[in-house]
Amino acid sequence: MYAAIARFSIRHRRWVLTVWALVFALGIALAATLFGQLKESGGNSASESAQGRAILQEASTSGPSAVVLVKGPAVDAPATVTAVQQLTAKLAAMPFVTGTVNAYTSSDPHLRSNDGHESVVLVSLEKDTDHPMAAHHDVEAIREAAHGAVPGADVQVGGDAAAGLDGMVASTNDLMWAELLSMPVLLVALVFIFKGWRAAVLPVVASLATGAGAMLVLLGITHVTDVAPQALDVVQLLGLGLAVDYGLLMVNRFREARAAGGDVAAATEHTVRTAGRTVTFSALTVAAALSGLLLLDDPTFTSLALGGISTTLIAMTAALTLIPAFLASWGAKLKAAARQNAEDGRFGRLARRVQRHPVLVALGATAILAMTALPFLHVNTSLGDPRTLPATSESRQVSDSMAASFQQMGTEPVVVVAKVQPTDPRVVAYAEQLGHVKGVVSVAIEPGARGETTLIDVVPSGTTQGEPAQQLVRALRADRPSFTTYVTGEAASLVDFSDQIANRMPYAIAMIAVSTFLLLFLMTGSVLVPLKALVMNTLSLGATFGALVWVFQDGHLAQLLGFTSFGAIEAWAPPTIAVFAFGLSMDYEVFLLSRIKESHDELRDTNEAVAHGLQRSGRIITSAALLVMIVFLGFAAGQTLGIKEFGLALAIAVLVDATLVRCLLVPATMTLLGRANWWAPAPLRWVHRRVGLSETPAEVAIGAVM
């Protein structure tokens, strides 16, 4: 199959290059259409918090809210009162505003700050279920009217609607700058690695084509199911990372084949038959890992999986067709590079040193990874917290001011949605009862709900999503009144999300483990090698999570990385990072195992195969890891905390995997296992002989082609 693909790409290289050029052009041209088709995810609609939120939205006469914060002169200064009243009237006259209230038209003392120098105007926006992004345009109009409306005061607009807009703008800017920063650095690094610009350009071209192709696939998927904007983050991240990895592997194998004496066509075919097989196994392993997100039963995770799987398969297709077409055209101008053996370089010597002390190396590397994982034992999570926005974000600044200067308004309430008339005496009795629950600061029945629905705001102690708020959610659900209630709000959403991940993650882990085991078994014919890979990747993930908590939750390196820790990490980060980091780890595992298996087929000696395999793949793995880290660190340089967490965690995962795991743990454990590395029960050996894929020794393969 691989030989046929290679021959087609060689013979019809102009057509292949033309098709990929069209894919790139269409992907860029239709990008705006894709952006318009993306829809924000509302989370799992089956959770209690989501059901309560849906009932609340149906019962409410208005949509999202905006908070206009006036900071500066004394609240009761005559000029300030007049200006705020005029601003309130101007906002109330806007067609999309359903209600306004300020510190002067309401008796609520919480609309004034503790020091008397700040006040807020609460603005209710109309509901627009057909165009959920319309609230963003409304916020922009409110900001245009509010900025500078109160002489001598700083007027800012925050609230739920503004946070949604600011989050979208911040993440878009972060992704754009990540690509702009990483691409030139990536190209320079590739030129340095290959010592030539033509070879360096190929992985970059493949990454651009991969990104465009993945966007076309996503555009098609939007006509079948909803896709969240987060899918584009994955396209940009994996489109750069995997395509560069695969391009690096393909070009390096081609240069080896040329050095072995093959002409351009023979070397290209050999590259696809050997490195192409490795790329296929790698891509299928990454796709299998990403498929685990589908089992978490959440629209956001589903979108991430769809984006990741699409990008991975397109990257594989580009490596098997686009790069061979370029190699067939440019191959004669690329420098050859001889295939190395264990005695030829530092990775072979490293393998020999590890093999002299395998027990010490294995125990030492495992201990380092285990100790690095310890901070994850005290992990705290948050969901959609405004504090994850950049410090320069207007809605973030409003949220910080509200928390610091306003009584009770800094903490969002836990909302009890009661399916009963507001006039029912049981509601009043229940509200009074809630006032005596541990951890409750205040209780209020919201006015203005429609139908047989009553909204009860229960303000917890501490922060909006802190442990007291989560305990309050669980207490309210454990002790229900005689009428039907739904407990919702930010804390309830976090509780439901965390419970869902805890319940669904074992199924995702099982699917990832089984599919990875099967793929590695088909590649190696071994039972122990896949099991060992799963264990080592688990250790690597633990170290990554520990570093994530140590940096972002505990606040170490906060000043260096430019963020403010608030004692939690994003709730979506651990499962998402786990899946992506696992996929990337298996990517390098396949790179290394393919060379070790190739050497073992040639030499029939495990220790020699490990040393030769590490020497032949070590430079590619470390180079690929360096290039992918450049991409991920570009994301870590962003201002949005979630993207920063994602980028840095994946960079750490790649670093750990390419050093401690691939260069130390793999040689040490394979040395200890010896011939047992290739063991499998007789029935499985028969299965592998029938359906497994084995590597043809390099020299034989090239000679056969010639």
# chains A, B, ... in the order shown; residues from 1 in each chain; ligands from 1
call {"tool": "select_by_dssp", "arguments": {"residues": "region 139-338 of chain A", "states": "strand (DSSP E)", "output": "ChimeraX atom specification"}}
result
/A:154-158
call {"tool": "residues_around", "arguments": {"residues": "region 349-363 of chain A", "least_positions_apart": "4", "cutoff": "7 Å", "atoms": "only C-alpha atoms", "output": "list in words"}}
result
Ala342, Glu343, Gly345, Ala367, Ala611, Leu614, Leu664, Leu665, Pro667, Ala668, Thr669, Thr671 and Leu672 of chain A
call {"tool": "write_last_selection", "arguments": {"atoms": "N, CA and C atoms", "output": "mmCIF file, in the first residue's frame"}}
result
data_model
loop_
_atom_site.group_PDB
_atom_site.id
_atom_site.type_symbol
_atom_site.label_atom_id
_atom_site.label_comp_id
_atom_site.auth_asym_id
_atom_site.auth_seq_id
_atom_site.Cartn_x
_atom_site.Cartn_y
_atom_site.Cartn_z
ATOM 1 N N ALA A 342 24.952 2.782 16.623
ATOM 2 C CA ALA A 342 25.141 3.132 18.030
ATOM 3 C C ALA A 342 26.500 3.772 18.294
ATOM 4 N N GLU A 343 27.516 3.406 17.507
ATOM 5 C CA GLU A 343 28.856 3.912 17.749
ATOM 6 C C GLU A 343 29.081 5.287 17.135
ATOM 7 N N GLY A 345 27.350 8.286 17.514
ATOM 8 C CA GLY A 345 26.961 9.560 18.108
ATOM 9 C C GLY A 345 26.580 9.464 19.567
ATOM 10 N N ALA A 367 11.464 7.857 40.063
ATOM 11 C CA ALA A 367 11.354 8.649 41.293
ATOM 12 C C ALA A 367 11.192 10.133 40.971
ATOM 13 N N ALA A 611 20.232 0.326 21.356
ATOM 14 C CA ALA A 611 21.293 1.322 21.169
ATOM 15 C C ALA A 611 21.257 1.912 19.759
ATOM 16 N N LEU A 614 17.993 4.046 19.314
ATOM 17 C CA LEU A 614 18.039 5.356 19.955
ATOM 18 C C LEU A 614 18.964 6.299 19.192
ATOM 19 N N LEU A 664 15.963 7.747 28.620
ATOM 20 C CA LEU A 664 16.427 7.032 29.813
ATOM 21 C C LEU A 664 15.542 5.835 30.159
ATOM 22 N N LEU A 665 14.255 6.076 30.367
ATOM 23 C CA LEU A 665 13.378 4.997 30.821
ATOM 24 C C LEU A 665 13.228 3.894 29.780
ATOM 25 N N PRO A 667 15.289 2.923 27.189
ATOM 26 C CA PRO A 667 16.464 2.036 27.112
ATOM 27 C C PRO A 667 16.657 1.189 28.371
ATOM 28 N N ALA A 668 16.415 1.792 29.545
ATOM 29 C CA ALA A 668 16.632 1.057 30.793
ATOM 30 C C ALA A 668 15.664 -0.113 30.922
ATOM 31 N N THR A 669 14.389 0.126 30.697
ATOM 32 C CA THR A 669 13.394 -0.940 30.866
ATOM 33 C C THR A 669 13.527 -2.010 29.785
ATOM 34 N N THR A 671 16.286 -2.860 28.351
ATOM 35 C CA THR A 671 17.479 -3.625 28.709
ATOM 36 C C THR A 671 17.151 -4.650 29.790
ATOM 37 N N LEU A 672 16.371 -4.226 30.780
ATOM 38 C CA LEU A 672 15.994 -5.133 31.866
ATOM 39 C C LEU A 672 15.129 -6.283 31.362
#
call {"tool": "atom_distance", "arguments": {"atom1": "CA of Val286 (chain A)", "atom2": "CA of Gly384 (chain A)"}}
result
27.8 Å
call {"tool": "select_by_dssp", "arguments": {"residues": "region 117-322 of chain A", "states": "helix (DSSP H, G or I)", "output": "ChimeraX atom specification"}}
result
/A:134-146,160-194,197-221,230-259,264-296,299-322
call {"tool": "closest_atom_pairs", "arguments": {"of": "region 312-391 of chain A", "to": "region 454-472 of chain A", "cutoff": "10 Å", "atoms": "only C-alpha atoms", "output": "tab-separated table"}}
result
residue	atom	partner	partner_atom	distance
A:Asn380	CA	A:Gly466	CA	8.9
A:Thr381	CA	A:Gln465	CA	8.6
A:Ser382	CA	A:Gln465	CA	6.5
A:Leu383	CA	A:Gln465	CA	7.9
A:Gly384	CA	A:Gln465	CA	9.7
A:Asp385	CA	A:Gln465	CA	8.2
call {"tool": "write_last_selection", "arguments": {"atoms": "N, CA and C atoms", "output": "PDB file, in the first residue's frame"}}
result
ATOM      1  N   ASN A 380      -7.018  22.225  42.739  1.00  0.00           N
ATOM      2  CA  ASN A 380      -8.316  22.897  42.780  1.00  0.00           C
ATOM      3  C   ASN A 380      -8.644  23.352  41.364  1.00  0.00           C
ATOM      4  N   THR A 381      -9.929  23.378  41.022  1.00  0.00           N
ATOM      5  CA  THR A 381     -10.315  23.753  39.666  1.00  0.00           C
ATOM      6  C   THR A 381     -11.361  24.857  39.684  1.00  0.00           C
ATOM      7  N   SER A 382     -11.454  25.552  38.555  1.00  0.00           N
ATOM      8  CA  SER A 382     -12.491  26.560  38.364  1.00  0.00           C
ATOM      9  C   SER A 382     -13.018  26.436  36.948  1.00  0.00           C
ATOM     10  N   LEU A 383     -14.146  27.066  36.686  1.00  0.00           N
ATOM     11  CA  LEU A 383     -14.792  26.943  35.385  1.00  0.00           C
ATOM     12  C   LEU A 383     -15.301  28.308  34.944  1.00  0.00           C
ATOM     13  N   GLY A 384     -14.677  28.860  33.883  1.00  0.00           N
ATOM     14  CA  GLY A 384     -15.149  30.133  33.345  1.00  0.00           C
ATOM     15  C   GLY A 384     -14.967  31.309  34.279  1.00  0.00           C
ATOM     16  N   ASP A 385     -13.952  31.302  35.093  1.00  0.00           N
ATOM     17  CA  ASP A 385     -13.713  32.386  36.045  1.00  0.00           C
ATOM     18  C   ASP A 385     -13.148  33.602  35.308  1.00  0.00           C
TER      19      ASP A 385
END
